[in-house]
Each structure stands twice: as C-alpha cells, then as structure tokens.
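Each remark here refers to the structure printed beneath this line.
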Amino acid sequence: MAEFKAVIVQCGNEEYAIAVDSVVSIEKMEKINPIPHLPEYMLGLMKIRGELVPILDFEKILYGKSAANMQEVRIVVVQTEDLYVGLVVLDAKEIMEIPESSLTTSGLMAYSRTPYFTSVANLDERMITIVDPVILSKTLAGMDEIGDYVHSQSIQEQ
C-alpha cells in the first residue's frame with residue numbers, strides 16, 4: 001500500500017502536512033532581517049546555511065494572526081521551484097507515513113482561496129490537511145517580487 005511521507009506541523013489548533021521531499025530543514029527562530037513594504041505575511045529574510053530565505057508567517061497566512069512572537073515556534077524550510085522559503089509554524093511535531101487510501105480531496109477543490117491545500121488525511125483520531133509549498137509560493141501575492149529580490153541579493157553577495 002502506497003504511503004505519503006510528511007512532516008506534520010501545527011498552526012492554530014490544526015495540523016498540516018508537508019511532503020518530506022519538500023522539506024529542507026526545521027530551524028529555530030533566529031534573527032530575521034525585516035524588509036520594508038513586504039506583504040503582511042512576510043516577516044523578512046533569514047540567513048540559513050548561507051542562503052537568504054524569505055520567512056513567511058504561516059499562521060498569519062491561514063488565520064490572520066502572527067505566530068512570530070510566540071515561544072518555541074519553528075521555521076520549516078521548504079524547497080519551491082526556484083527558492084527556499086521558511087514557514088513559521090507553532091510546532092513541527094513529527095514525520096508521519098500517511099496511507100494514500102486515507103487521503104481525500106472532497107470539499108477542498110471548491111475553495112479557491114486555498115489552492116495549496118491539495119488533500120486531507122482522514123485518520124482515525126485526527127484530520128491533517130496536506131499543503132503543497134510550490135503551489136503556496138505561486139499563489140501568495142508578492143512572491144514573484146520576493147523571489148526576484150532574493151536572487152538579486154544572492155548575486156550581489158557573490
């Protein structure tokens with residue numbers, strides 16, 4: 001039976017899953033350099049292992065309130081098509097193998113404001129929403145400009 005291997009993170013009271021293949025690392029919150037005129041959900045840039053990584057407040061994206069000032073938040077660094085992106089989450093709980101048979105898309109496709117939710121794992125004791133970081137990075141307003149900015153900064157450093 002095929003399984004979907006994912007990192008389980010928490011935002012609000014909900015659990016979300018990000019494919020293990022997309023996750024580069026899980027980091028503690030360190031110094032974030034704010035950049036003026038960024039979208040509300042973007043906290044700034046953080047240098048992680050020599051790379052400039054835009055840090056997105058996933059709690060803000062989903063629920064409109066920031067997790068940035070909360071204790072013990074984690075940054076899940078994910079690979080999108082052309083850059084690394086850090087997602088601030090309340091917790092990065094575990095790595096889990098989710099049976100493909102428990103994944104469903106019913107009810108999600110109709111909701112156009114969250115195209116990055118690709119399916120829901122309907123498990124015995126919990127429900128976990130699957131997030132696609134590539135779709136997330138493509139659908140958030142301002143991400144193109146942020147990608148361009150990060151690339152221009154990386155070129156200047158060389």
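Residues are referred to by chain and number: the chain letter is A, B, ... according to the order shown in the structure tokens, the number counts from 1 in that chain, and ligands are numbered separately from 1 in the order shown.
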Q: Give me every strand (DSSP E or B) residue in chain A, going by DSSP on the backbone, as a ChimeraX atom specification.
A: /A:3-11,14-19,23-28,33,42-48,51-57,74-79,84-89,91-99,103-104,117-122,127-131
Q: Name the residues in contact with Ser101 in chain A at a cut-off of 10 Å, using only C-alpha atoms, excluding same-chain residues fewer than 4 positions from it; report them as an NGL selection string.
A: :A and (1-4 or 121-123)
C-alpha atoms of the current selection, written as a PDB file, in the first residue's frame:
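Everything below was put into out17.pdb:
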ATOM      1  CA  MET A   1       0.000   0.000   0.000  1.00  0.00           C
ATOM      2  CA  ALA A   2       1.426   3.380  -1.013  1.00  0.00           C
ATOM      3  CA  GLU A   3       2.120   5.936   1.668  1.00  0.00           C
ATOM      4  CA  PHE A   4       2.677   9.681   1.704  1.00  0.00           C
ATOM      5  CA  ALA A 121      -5.730  12.872   5.518  1.00  0.00           C
ATOM      6  CA  ASN A 122      -8.755  11.475   7.291  1.00  0.00           C
ATOM      7  CA  LEU A 123      -7.227   9.299  10.009  1.00  0.00           C
TER       8      LEU A 123
END
Q: Please provide the set of residues having any atom within 7 Å of Ile55 in chain A, restricted to only C-alpha atoms, with same-chain residues fewer than 5 positions apart removed, written as number ranges by chain.
A: A: 42-46, 85-88
Just the alpha helix (DSSP H) stuff from chain A, please, per backbone DSSP, written as a short mmCIF file (atom, residue, chain, number, x, y, z; two decimals) with C-alpha atoms, in the first residue's frame.
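Below is the file that was written, selection11.cif:
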data_model
loop_
_atom_site.label_atom_id
_atom_site.label_comp_id
_atom_site.auth_asym_id
_atom_site.auth_seq_id
_atom_site.Cartn_x
_atom_site.Cartn_y
_atom_site.Cartn_z
CA PHE A 58 2.11 30.54 8.02
CA GLU A 59 -0.14 31.32 10.99
CA LYS A 60 -0.76 34.79 9.50
CA ILE A 61 -1.48 33.33 6.05
CA LEU A 62 -4.01 30.86 7.45
CA TYR A 63 -5.57 32.66 10.41
CA PRO A 133 4.68 24.55 -0.77
CA VAL A 134 5.19 25.05 -4.53
CA ILE A 135 1.53 25.99 -5.05
CA LEU A 136 1.66 28.11 -1.86
CA SER A 137 4.64 30.09 -3.17
CA LYS A 138 2.98 30.61 -6.55
CA THR A 139 -0.40 31.75 -5.22
CA MET A 143 6.01 36.07 -4.02
CA ASP A 144 7.36 36.75 -7.54
CA GLU A 145 8.89 40.04 -6.42
CA ILE A 146 10.27 38.41 -3.27
CA GLY A 147 11.91 35.67 -5.35
CA ASP A 148 13.44 38.31 -7.64
CA TYR A 149 14.70 40.26 -4.61
CA VAL A 150 16.31 37.17 -3.01
CA HIS A 151 18.00 36.27 -6.32
CA SER A 152 19.32 39.82 -6.75
CA GLN A 153 20.71 39.80 -3.18
CA SER A 154 22.36 36.43 -3.74
CA ILE A 155 24.05 37.70 -6.91
CA GLN A 156 25.33 40.80 -5.09
CA GLU A 157 26.91 38.63 -2.39
#
Q.
Just the number, please: distance in Å from CA of Ala17 in chain A to CA of Pro34 in chain A, one decimal.
A. 27.5 Å
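Using only C-alpha atoms, the smallest distance between any of A:Leu52, A:Ile26, A:Glu14, A:Tyr116 and Ala92 in chain A comes from A:Ile26.
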Q.
Could you check the closest approach to Val9 in chain A for each of A:Val120, A:Met127, A:Val89, A:Val77 and tell me which residue wins, using only C-alpha atoms?
A. A:Val89
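When CA of Ile18 in chain A is paired with CA of Ile48 in chain A, their separation reads 19.4 Å.
Of the residues listed (A:Arg126, A:Lys28, A:Lys5, A:Arg49), A:Lys28 shows the shortest atom-to-atom separation from Asp91 in chain A; distances use only C-alpha atoms.
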**Q.** Given only C-alpha atoms as the counted atoms, nearest of A:Arg74, A:Lys31, A:His37, A:Lys65 to Gly142 in chain A
**A.** A:His37
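Rounded to one decimal, CA of Ser102 in chain A and CA of Gln10 in chain A lie 19.5 Å from each other.
Of the listed residues (A:Phe117, A:Ala6, A:Asn69, A:Leu56), A:Leu56 comes nearest to Leu38 in chain A; the distances count only C-alpha atoms.
Counting only C-alpha atoms, the residue from A:Leu140, A:Val131, A:Lys47, A:Ser106 that sits nearest to Glu30 in chain A is A:Lys47.
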